[in-house]
Amino acid sequence: MNLRLQLFELEDQRWFPHVIRQGMLDFLRFMITKLHAYEAALPLLQELLARTNQKHITDLCSGAGGGIETIQQDLSRRTGQQIRITLSDLYPNLEAYRYLQKQSHGSIDFIPQPVDATNVPGTITGVRTIFSSFHHFPPNVAKQILQDAADKRAPIGIFEGAQKSWVEMILLWLAFPIVIVLVTPFIRPFKLSRLFFTYIIPLIPFGIIWDGTVSLLRIYTPTHLRQMLQQVQAPNYTWRTGRVGNRPGKHVIYLIGYPTDTYNQQL
């Protein structure tokens, strides 16, 4: 699937009910975490941390923090060091962030104020990451995010948990309605509203299928990303993009970048 369409996702709309958006994001966080969807990206993240001598990740566009808990645990185990992750978003999901902070015993914290990924304050440090969110941005805004990282000499890793294929689209339509019905009672923290809008008035399943379909169509392929990078002014900065993972549910499209001069100093 090489095309990219800038369609609209329901969760991006200001008018979209928060309770439905929250239910959709909770499902996404649950599935990404249980499936270890970003497992194939861990070596890339480990490399990015090592190249830039960092033990701290600032996650941008965190949404509900999908998969962050297992990523923090797995990275800490792989590196033999305690990796800290700070969550942030233009519209911070404070309830989800507090839950993750408690679950991680403080290894995951968050910035309660809005953070704009196109203009990250200089006081915010660490390796920048964006999981499952870069596709939300049209090309001009996506380019601004990359340019801001390059201008501020900040390492960045962008990851989309998909191969972007028609097979994934078919599975989304055929399998996900069943999966949503089966797993919803096990999503934590427990909410009656999530049950109501899944089983009584199924707005959450509808939103998940719609946004999932649009997300696949909006995801940038490595070819799209390479074309975008040609418009980013980034001297002494290294970029790499591609696909990793070879099992269903484990495919990841990635883009990583880091200041080359920082890496050379470490060498």
# chains A, B, ... in the order shown; residues from 1 in each chain; ligands from 1
>>> residues_around(residues="region 209-214 of chain A", least_positions_apart="3", cutoff="9 Å", atoms="only C-alpha atoms", output="PyMOL selection string")
chain A and resi 5-11+169+172-173+176-177+204-206+217-219
>>> write_last_selection(atoms="all heavy atoms", output="short mmCIF file (atom, residue, chain, number, x, y, z; two decimals), in the first residue's frame")
data_model
loop_
_atom_site.label_atom_id
_atom_site.label_comp_id
_atom_site.auth_asym_id
_atom_site.auth_seq_id
_atom_site.Cartn_x
_atom_site.Cartn_y
_atom_site.Cartn_z
N LEU A 5 -3.46 8.98 2.15
CA LEU A 5 -4.60 9.88 2.08
C LEU A 5 -4.75 10.61 3.40
O LEU A 5 -4.77 9.97 4.47
CB LEU A 5 -5.89 9.10 1.76
CG LEU A 5 -5.90 8.30 0.45
CD1 LEU A 5 -7.20 7.53 0.32
CD2 LEU A 5 -5.69 9.22 -0.75
N GLN A 6 -4.87 11.93 3.36
CA GLN A 6 -5.00 12.74 4.57
C GLN A 6 -6.49 12.88 4.92
O GLN A 6 -7.08 13.94 4.81
CB GLN A 6 -4.36 14.12 4.37
CG GLN A 6 -4.29 14.98 5.63
CD GLN A 6 -3.37 14.39 6.69
OE1 GLN A 6 -2.33 13.82 6.36
NE2 GLN A 6 -3.74 14.52 7.95
N LEU A 7 -7.10 11.75 5.31
CA LEU A 7 -8.49 11.75 5.73
C LEU A 7 -8.59 12.18 7.19
O LEU A 7 -7.58 12.43 7.84
CB LEU A 7 -9.08 10.36 5.51
CG LEU A 7 -8.96 9.80 4.08
CD1 LEU A 7 -9.49 8.38 4.02
CD2 LEU A 7 -9.68 10.69 3.09
N PHE A 8 -9.80 12.23 7.73
CA PHE A 8 -9.94 12.69 9.11
C PHE A 8 -10.20 11.52 10.05
O PHE A 8 -10.92 10.58 9.71
CB PHE A 8 -11.06 13.73 9.23
CG PHE A 8 -12.45 13.15 9.18
CD1 PHE A 8 -13.12 12.79 10.34
CD2 PHE A 8 -13.10 12.98 7.96
CE1 PHE A 8 -14.39 12.26 10.31
CE2 PHE A 8 -14.38 12.44 7.92
CZ PHE A 8 -15.03 12.09 9.09
N GLU A 9 -9.59 11.59 11.22
CA GLU A 9 -9.85 10.63 12.29
C GLU A 9 -10.77 11.28 13.30
O GLU A 9 -10.64 12.46 13.63
CB GLU A 9 -8.54 10.20 12.95
CG GLU A 9 -7.64 9.38 12.03
CD GLU A 9 -6.44 8.80 12.75
OE1 GLU A 9 -6.62 8.22 13.84
OE2 GLU A 9 -5.32 8.93 12.23
N LEU A 10 -11.68 10.51 13.82
CA LEU A 10 -12.67 11.03 14.76
C LEU A 10 -12.01 11.59 16.01
O LEU A 10 -12.41 12.63 16.53
CB LEU A 10 -13.67 9.93 15.14
CG LEU A 10 -14.57 9.45 14.00
CD1 LEU A 10 -15.35 8.21 14.43
CD2 LEU A 10 -15.52 10.56 13.57
N GLU A 11 -10.98 10.90 16.51
CA GLU A 11 -10.37 11.34 17.77
C GLU A 11 -9.64 12.68 17.64
O GLU A 11 -9.35 13.32 18.64
CB GLU A 11 -9.40 10.28 18.30
CG GLU A 11 -8.17 10.08 17.45
CD GLU A 11 -7.18 9.14 18.11
OE1 GLU A 11 -7.26 7.93 17.89
OE2 GLU A 11 -6.31 9.63 18.85
N MET A 169 -5.54 -4.13 6.67
CA MET A 169 -6.84 -3.48 6.54
C MET A 169 -7.97 -4.51 6.64
O MET A 169 -8.97 -4.30 7.35
CB MET A 169 -6.93 -2.75 5.19
CG MET A 169 -8.19 -1.93 5.02
SD MET A 169 -8.13 -0.39 5.94
CE MET A 169 -7.05 0.59 4.90
N LEU A 172 -8.33 -5.71 10.16
CA LEU A 172 -8.96 -4.68 10.96
C LEU A 172 -10.48 -4.77 10.85
O LEU A 172 -11.20 -4.71 11.85
CB LEU A 172 -8.47 -3.30 10.51
CG LEU A 172 -9.15 -2.08 11.13
CD1 LEU A 172 -8.85 -1.99 12.62
CD2 LEU A 172 -8.70 -0.80 10.43
N TRP A 173 -10.98 -4.91 9.64
CA TRP A 173 -12.43 -4.95 9.42
C TRP A 173 -13.06 -6.24 9.92
O TRP A 173 -14.16 -6.23 10.47
CB TRP A 173 -12.74 -4.80 7.93
CG TRP A 173 -12.39 -3.46 7.37
CD1 TRP A 173 -12.26 -2.28 8.05
CD2 TRP A 173 -12.10 -3.16 6.00
NE1 TRP A 173 -11.91 -1.27 7.19
CE2 TRP A 173 -11.80 -1.77 5.93
CE3 TRP A 173 -12.06 -3.92 4.83
CZ2 TRP A 173 -11.48 -1.14 4.73
CZ3 TRP A 173 -11.74 -3.28 3.64
CH2 TRP A 173 -11.46 -1.92 3.59
N PHE A 176 -11.10 -7.19 14.23
CA PHE A 176 -11.11 -6.25 15.35
C PHE A 176 -12.46 -6.13 16.04
O PHE A 176 -12.49 -5.97 17.27
CB PHE A 176 -10.58 -4.88 14.91
CG PHE A 176 -9.15 -4.65 15.26
CD1 PHE A 176 -8.17 -5.59 14.90
CD2 PHE A 176 -8.75 -3.55 15.97
CE1 PHE A 176 -6.85 -5.40 15.22
CE2 PHE A 176 -7.42 -3.35 16.31
CZ PHE A 176 -6.47 -4.27 15.93
N PRO A 177 -13.59 -6.17 15.33
CA PRO A 177 -14.87 -6.11 16.06
C PRO A 177 -14.99 -7.22 17.10
O PRO A 177 -15.48 -6.99 18.21
CB PRO A 177 -15.91 -6.27 14.95
CG PRO A 177 -15.24 -5.72 13.74
CD PRO A 177 -13.80 -6.14 13.87
N ILE A 204 -17.64 3.17 20.64
CA ILE A 204 -16.20 2.93 20.75
C ILE A 204 -15.73 1.96 19.66
O ILE A 204 -14.75 2.26 18.96
CB ILE A 204 -15.83 2.44 22.16
CG1 ILE A 204 -15.99 3.59 23.17
CG2 ILE A 204 -14.40 1.89 22.20
CD1 ILE A 204 -15.76 3.18 24.62
N PRO A 205 -16.38 0.80 19.46
CA PRO A 205 -15.95 -0.07 18.35
C PRO A 205 -16.02 0.62 16.99
O PRO A 205 -15.11 0.46 16.17
CB PRO A 205 -16.94 -1.25 18.43
CG PRO A 205 -17.37 -1.27 19.84
CD PRO A 205 -17.42 0.16 20.28
N PHE A 206 -17.09 1.38 16.74
CA PHE A 206 -17.19 2.09 15.48
C PHE A 206 -16.02 3.06 15.31
O PHE A 206 -15.40 3.12 14.24
CB PHE A 206 -18.51 2.86 15.40
CG PHE A 206 -18.60 3.77 14.19
CD1 PHE A 206 -18.89 3.26 12.94
CD2 PHE A 206 -18.35 5.13 14.33
CE1 PHE A 206 -18.95 4.09 11.83
CE2 PHE A 206 -18.41 5.98 13.22
CZ PHE A 206 -18.70 5.46 11.97
N LEU A 217 -4.34 4.39 6.15
CA LEU A 217 -4.24 5.17 4.92
C LEU A 217 -3.36 6.41 5.09
O LEU A 217 -2.82 6.94 4.12
CB LEU A 217 -5.64 5.58 4.45
CG LEU A 217 -6.55 4.42 4.00
CD1 LEU A 217 -7.96 4.92 3.74
CD2 LEU A 217 -5.98 3.75 2.76
N ARG A 218 -3.22 6.89 6.34
CA ARG A 218 -2.45 8.11 6.58
C ARG A 218 -0.98 7.85 6.91
O ARG A 218 -0.16 8.76 6.85
CB ARG A 218 -3.06 8.88 7.77
CG ARG A 218 -4.41 9.50 7.49
CD ARG A 218 -5.01 10.06 8.76
NE ARG A 218 -4.72 11.47 8.94
CZ ARG A 218 -5.16 12.18 9.98
NH1 ARG A 218 -5.87 11.61 10.93
NH2 ARG A 218 -4.88 13.46 10.07
N ILE A 219 -0.65 6.63 7.29
CA ILE A 219 0.73 6.34 7.71
C ILE A 219 1.71 6.65 6.58
O ILE A 219 1.48 6.29 5.42
CB ILE A 219 0.86 4.87 8.16
CG1 ILE A 219 0.20 4.69 9.53
CG2 ILE A 219 2.32 4.43 8.23
CD1 ILE A 219 0.18 3.25 10.01
#
>>> closest_atom_pairs(of="region 131-178 of chain A", to="region 30-53 of chain A", cutoff="9 Å", atoms="only C-alpha atoms", output="JSON lines")
{"residue": "A:Phe131", "atom": "CA", "partner": "A:Tyr38", "partner_atom": "CA", "distance": 8.8}
{"residue": "A:Pro155", "atom": "CA", "partner": "A:Thr52", "partner_atom": "CA", "distance": 7.4}
{"residue": "A:Ile156", "atom": "CA", "partner": "A:Leu48", "partner_atom": "CA", "distance": 8.1}
{"residue": "A:Gly157", "atom": "CA", "partner": "A:Leu45", "partner_atom": "CA", "distance": 7.2}
{"residue": "A:Phe159", "atom": "CA", "partner": "A:Ala41", "partner_atom": "CA", "distance": 7.6}
{"residue": "A:Glu160", "atom": "CA", "partner": "A:Tyr38", "partner_atom": "CA", "distance": 8.4}
{"residue": "A:Gly161", "atom": "CA", "partner": "A:Ala37", "partner_atom": "CA", "distance": 6.3}
{"residue": "A:Ala162", "atom": "CA", "partner": "A:Ala37", "partner_atom": "CA", "distance": 8.8}
>>> closest_atom_pairs(of="region 143-208 of chain A", to="region 104-123 of chain A", cutoff="6 Å", atoms="only C-alpha atoms", output="tab-separated table")
residue	atom	partner	partner_atom	distance
A:Gln144	CA	A:Thr118	CA	5.4
A:Ile145	CA	A:Thr118	CA	4.3
A:Asp148	CA	A:Thr118	CA	6.0
>>> closest_residue(among="A:Leu75, A:Ile256, A:Leu3, A:Ala96", to="Thr241 (chain A)", atoms="only C-alpha atoms")
A:Ile256
>>> closest_residue(among="A:Ser133, A:Asn140, A:Ser193, A:Ser88", to="Leu229 (chain A)", atoms="only C-alpha atoms")
A:Asn140
>>> select_by_dssp(residues="region 104-182 of chain A", states="alpha helix (DSSP H)", output="number ranges by chain")
A: 139-151, 166-182
>>> write_last_selection(atoms="N, CA and C atoms", output="PDB file, in the first residue's frame")
ATOM      1  N   PRO A 139       1.745  16.618   5.925  1.00  0.00           N
ATOM      2  CA  PRO A 139       3.183  16.714   5.629  1.00  0.00           C
ATOM      3  C   PRO A 139       3.856  18.002   6.107  1.00  0.00           C
ATOM      4  N   ASN A 140       3.185  19.141   6.003  1.00  0.00           N
ATOM      5  CA  ASN A 140       3.829  20.391   6.415  1.00  0.00           C
ATOM      6  C   ASN A 140       4.070  20.435   7.915  1.00  0.00           C
ATOM      7  N   VAL A 141       3.136  19.875   8.698  1.00  0.00           N
ATOM      8  CA  VAL A 141       3.316  19.845  10.162  1.00  0.00           C
ATOM      9  C   VAL A 141       4.319  18.760  10.547  1.00  0.00           C
ATOM     10  N   ALA A 142       4.250  17.604   9.899  1.00  0.00           N
ATOM     11  CA  ALA A 142       5.206  16.533  10.171  1.00  0.00           C
ATOM     12  C   ALA A 142       6.633  17.012   9.919  1.00  0.00           C
ATOM     13  N   LYS A 143       6.816  17.760   8.840  1.00  0.00           N
ATOM     14  CA  LYS A 143       8.143  18.298   8.535  1.00  0.00           C
ATOM     15  C   LYS A 143       8.601  19.264   9.624  1.00  0.00           C
ATOM     16  N   GLN A 144       7.690  20.065  10.172  1.00  0.00           N
ATOM     17  CA  GLN A 144       8.040  20.996  11.259  1.00  0.00           C
ATOM     18  C   GLN A 144       8.531  20.243  12.495  1.00  0.00           C
ATOM     19  N   ILE A 145       7.914  19.080  12.770  1.00  0.00           N
ATOM     20  CA  ILE A 145       8.342  18.274  13.924  1.00  0.00           C
ATOM     21  C   ILE A 145       9.788  17.813  13.739  1.00  0.00           C
ATOM     22  N   LEU A 146      10.108  17.354  12.537  1.00  0.00           N
ATOM     23  CA  LEU A 146      11.470  16.899  12.248  1.00  0.00           C
ATOM     24  C   LEU A 146      12.441  18.076  12.264  1.00  0.00           C
ATOM     25  N   GLN A 147      12.015  19.204  11.714  1.00  0.00           N
ATOM     26  CA  GLN A 147      12.890  20.373  11.679  1.00  0.00           C
ATOM     27  C   GLN A 147      13.186  20.885  13.079  1.00  0.00           C
ATOM     28  N   ASP A 148      12.186  20.855  13.957  1.00  0.00           N
ATOM     29  CA  ASP A 148      12.386  21.310  15.341  1.00  0.00           C
ATOM     30  C   ASP A 148      13.409  20.433  16.052  1.00  0.00           C
ATOM     31  N   ALA A 149      13.330  19.116  15.838  1.00  0.00           N
ATOM     32  CA  ALA A 149      14.308  18.210  16.453  1.00  0.00           C
ATOM     33  C   ALA A 149      15.705  18.500  15.925  1.00  0.00           C
ATOM     34  N   ALA A 150      15.830  18.695  14.612  1.00  0.00           N
ATOM     35  CA  ALA A 150      17.145  18.958  14.023  1.00  0.00           C
ATOM     36  C   ALA A 150      17.691  20.300  14.495  1.00  0.00           C
ATOM     37  N   ASP A 151      16.839  21.332  14.535  1.00  0.00           N
ATOM     38  CA  ASP A 151      17.290  22.663  14.948  1.00  0.00           C
ATOM     39  C   ASP A 151      17.795  22.663  16.384  1.00  0.00           C
ATOM     40  N   TRP A 166      -2.687  -4.070   2.734  1.00  0.00           N
ATOM     41  CA  TRP A 166      -4.106  -4.360   2.585  1.00  0.00           C
ATOM     42  C   TRP A 166      -4.521  -5.535   3.466  1.00  0.00           C
ATOM     43  N   VAL A 167      -3.603  -6.436   3.756  1.00  0.00           N
ATOM     44  CA  VAL A 167      -3.907  -7.546   4.663  1.00  0.00           C
ATOM     45  C   VAL A 167      -4.279  -7.004   6.047  1.00  0.00           C
ATOM     46  N   GLU A 168      -3.518  -6.018   6.528  1.00  0.00           N
ATOM     47  CA  GLU A 168      -3.832  -5.399   7.823  1.00  0.00           C
ATOM     48  C   GLU A 168      -5.206  -4.739   7.785  1.00  0.00           C
ATOM     49  N   MET A 169      -5.540  -4.127   6.665  1.00  0.00           N
ATOM     50  CA  MET A 169      -6.844  -3.482   6.535  1.00  0.00           C
ATOM     51  C   MET A 169      -7.973  -4.512   6.643  1.00  0.00           C
ATOM     52  N   ILE A 170      -7.827  -5.628   5.963  1.00  0.00           N
ATOM     53  CA  ILE A 170      -8.853  -6.679   5.997  1.00  0.00           C
ATOM     54  C   ILE A 170      -8.996  -7.252   7.404  1.00  0.00           C
ATOM     55  N   LEU A 171      -7.861  -7.487   8.072  1.00  0.00           N
ATOM     56  CA  LEU A 171      -7.909  -7.997   9.446  1.00  0.00           C
ATOM     57  C   LEU A 171      -8.580  -7.001  10.378  1.00  0.00           C
ATOM     58  N   LEU A 172      -8.332  -5.712  10.155  1.00  0.00           N
ATOM     59  CA  LEU A 172      -8.962  -4.678  10.965  1.00  0.00           C
ATOM     60  C   LEU A 172     -10.481  -4.767  10.850  1.00  0.00           C
ATOM     61  N   TRP A 173     -10.981  -4.913   9.636  1.00  0.00           N
ATOM     62  CA  TRP A 173     -12.428  -4.955   9.421  1.00  0.00           C
ATOM     63  C   TRP A 173     -13.060  -6.245   9.924  1.00  0.00           C
ATOM     64  N   LEU A 174     -12.366  -7.374   9.745  1.00  0.00           N
ATOM     65  CA  LEU A 174     -12.971  -8.666  10.054  1.00  0.00           C
ATOM     66  C   LEU A 174     -12.723  -9.131  11.490  1.00  0.00           C
ATOM     67  N   ALA A 175     -11.522  -8.885  12.005  1.00  0.00           N
ATOM     68  CA  ALA A 175     -11.146  -9.455  13.304  1.00  0.00           C
ATOM     69  C   ALA A 175     -11.335  -8.484  14.466  1.00  0.00           C
ATOM     70  N   PHE A 176     -11.099  -7.191  14.229  1.00  0.00           N
ATOM     71  CA  PHE A 176     -11.107  -6.255  15.351  1.00  0.00           C
ATOM     72  C   PHE A 176     -12.457  -6.127  16.045  1.00  0.00           C
ATOM     73  N   PRO A 177     -13.592  -6.168  15.328  1.00  0.00           N
ATOM     74  CA  PRO A 177     -14.869  -6.114  16.064  1.00  0.00           C
ATOM     75  C   PRO A 177     -14.989  -7.223  17.104  1.00  0.00           C
ATOM     76  N   ILE A 178     -14.514  -8.418  16.764  1.00  0.00           N
ATOM     77  CA  ILE A 178     -14.563  -9.541  17.707  1.00  0.00           C
ATOM     78  C   ILE A 178     -13.589  -9.305  18.859  1.00  0.00           C
ATOM     79  N   VAL A 179     -12.382  -8.850  18.525  1.00  0.00           N
ATOM     80  CA  VAL A 179     -11.367  -8.600  19.550  1.00  0.00           C
ATOM     81  C   VAL A 179     -11.850  -7.543  20.543  1.00  0.00           C
ATOM     82  N   ILE A 180     -12.447  -6.475  20.052  1.00  0.00           N
ATOM     83  CA  ILE A 180     -12.928  -5.398  20.926  1.00  0.00           C
ATOM     84  C   ILE A 180     -13.941  -5.946  21.929  1.00  0.00           C
ATOM     85  N   VAL A 181     -14.876  -6.732  21.433  1.00  0.00           N
ATOM     86  CA  VAL A 181     -15.909  -7.300  22.303  1.00  0.00           C
ATOM     87  C   VAL A 181     -15.297  -8.209  23.367  1.00  0.00           C
ATOM     88  N   LEU A 182     -14.278  -8.969  23.004  1.00  0.00           N
ATOM     89  CA  LEU A 182     -13.683  -9.933  23.932  1.00  0.00           C
ATOM     90  C   LEU A 182     -12.797  -9.286  24.994  1.00  0.00           C
TER      91      LEU A 182
END
>>> residues_around(residues="region 234-237 of chain A", least_positions_apart="4", cutoff="7 Å", atoms="only C-alpha atoms", output="MDAnalysis selection string")
chainID A and resid 150 257:261
>>> atom_distance(atom1="CA of Ala154 (chain A)", atom2="CA of Ile124 (chain A)")
9.9 Å
>>> closest_residue(among="A:Ser62, A:Ser165, A:Thr129, A:Thr70", to="Leu87 (chain A)", atoms="only C-alpha atoms")
A:Ser62
>>> select_by_dssp(residues="region 101-189 of chain A", states="strand (DSSP E or B)", output="MDAnalysis selection string")
chainID A and resid 108:110 127:131 156:160
>>> write_last_selection(atoms="N, CA, C and O atoms", output="PDB file, in the first residue's frame")
ATOM      1  N   ILE A 108       7.868   6.145  34.865  1.00  0.00           N
ATOM      2  CA  ILE A 108       7.181   6.928  33.843  1.00  0.00           C
ATOM      3  C   ILE A 108       6.533   8.116  34.535  1.00  0.00           C
ATOM      4  O   ILE A 108       5.780   7.948  35.501  1.00  0.00           O
ATOM      5  N   ASP A 109       6.869   9.319  34.086  1.00  0.00           N
ATOM      6  CA  ASP A 109       6.203  10.500  34.603  1.00  0.00           C
ATOM      7  C   ASP A 109       5.608  11.278  33.435  1.00  0.00           C
ATOM      8  O   ASP A 109       5.558  10.781  32.315  1.00  0.00           O
ATOM      9  N   PHE A 110       5.169  12.497  33.668  1.00  0.00           N
ATOM     10  CA  PHE A 110       4.495  13.224  32.601  1.00  0.00           C
ATOM     11  C   PHE A 110       4.591  14.723  32.824  1.00  0.00           C
ATOM     12  O   PHE A 110       4.862  15.205  33.936  1.00  0.00           O
ATOM     13  N   VAL A 127      15.833  11.863  24.674  1.00  0.00           N
ATOM     14  CA  VAL A 127      15.540  11.380  23.327  1.00  0.00           C
ATOM     15  C   VAL A 127      14.046  11.543  23.081  1.00  0.00           C
ATOM     16  O   VAL A 127      13.219  11.088  23.871  1.00  0.00           O
ATOM     17  N   ARG A 128      13.683  12.195  21.999  1.00  0.00           N
ATOM     18  CA  ARG A 128      12.275  12.364  21.663  1.00  0.00           C
ATOM     19  C   ARG A 128      11.752  11.114  20.952  1.00  0.00           C
ATOM     20  O   ARG A 128      12.439  10.545  20.106  1.00  0.00           O
ATOM     21  N   THR A 129      10.525  10.717  21.292  1.00  0.00           N
ATOM     22  CA  THR A 129       9.881   9.610  20.581  1.00  0.00           C
ATOM     23  C   THR A 129       8.446   9.995  20.239  1.00  0.00           C
ATOM     24  O   THR A 129       7.822  10.815  20.925  1.00  0.00           O
ATOM     25  N   ILE A 130       7.956   9.399  19.174  1.00  0.00           N
ATOM     26  CA  ILE A 130       6.544   9.506  18.808  1.00  0.00           C
ATOM     27  C   ILE A 130       6.090   8.112  18.377  1.00  0.00           C
ATOM     28  O   ILE A 130       6.600   7.563  17.407  1.00  0.00           O
ATOM     29  N   PHE A 131       5.145   7.544  19.128  1.00  0.00           N
ATOM     30  CA  PHE A 131       4.615   6.219  18.826  1.00  0.00           C
ATOM     31  C   PHE A 131       3.170   6.342  18.333  1.00  0.00           C
ATOM     32  O   PHE A 131       2.337   6.973  18.994  1.00  0.00           O
ATOM     33  N   ILE A 156      15.679  11.859  17.856  1.00  0.00           N
ATOM     34  CA  ILE A 156      14.248  11.565  17.764  1.00  0.00           C
ATOM     35  C   ILE A 156      14.033  10.196  17.126  1.00  0.00           C
ATOM     36  O   ILE A 156      14.783   9.796  16.223  1.00  0.00           O
ATOM     37  N   GLY A 157      13.042   9.488  17.623  1.00  0.00           N
ATOM     38  CA  GLY A 157      12.636   8.207  17.040  1.00  0.00           C
ATOM     39  C   GLY A 157      11.134   8.211  16.813  1.00  0.00           C
ATOM     40  O   GLY A 157      10.366   8.482  17.743  1.00  0.00           O
ATOM     41  N   ILE A 158      10.727   7.946  15.597  1.00  0.00           N
ATOM     42  CA  ILE A 158       9.312   7.935  15.231  1.00  0.00           C
ATOM     43  C   ILE A 158       8.944   6.520  14.807  1.00  0.00           C
ATOM     44  O   ILE A 158       9.628   5.923  13.960  1.00  0.00           O
ATOM     45  N   PHE A 159       7.869   5.988  15.379  1.00  0.00           N
ATOM     46  CA  PHE A 159       7.529   4.586  15.161  1.00  0.00           C
ATOM     47  C   PHE A 159       6.028   4.434  14.936  1.00  0.00           C
ATOM     48  O   PHE A 159       5.220   4.968  15.701  1.00  0.00           O
ATOM     49  N   GLU A 160       5.676   3.708  13.889  1.00  0.00           N
ATOM     50  CA  GLU A 160       4.277   3.372  13.598  1.00  0.00           C
ATOM     51  C   GLU A 160       4.144   1.856  13.593  1.00  0.00           C
ATOM     52  O   GLU A 160       4.860   1.168  12.851  1.00  0.00           O
TER      53      GLU A 160
END
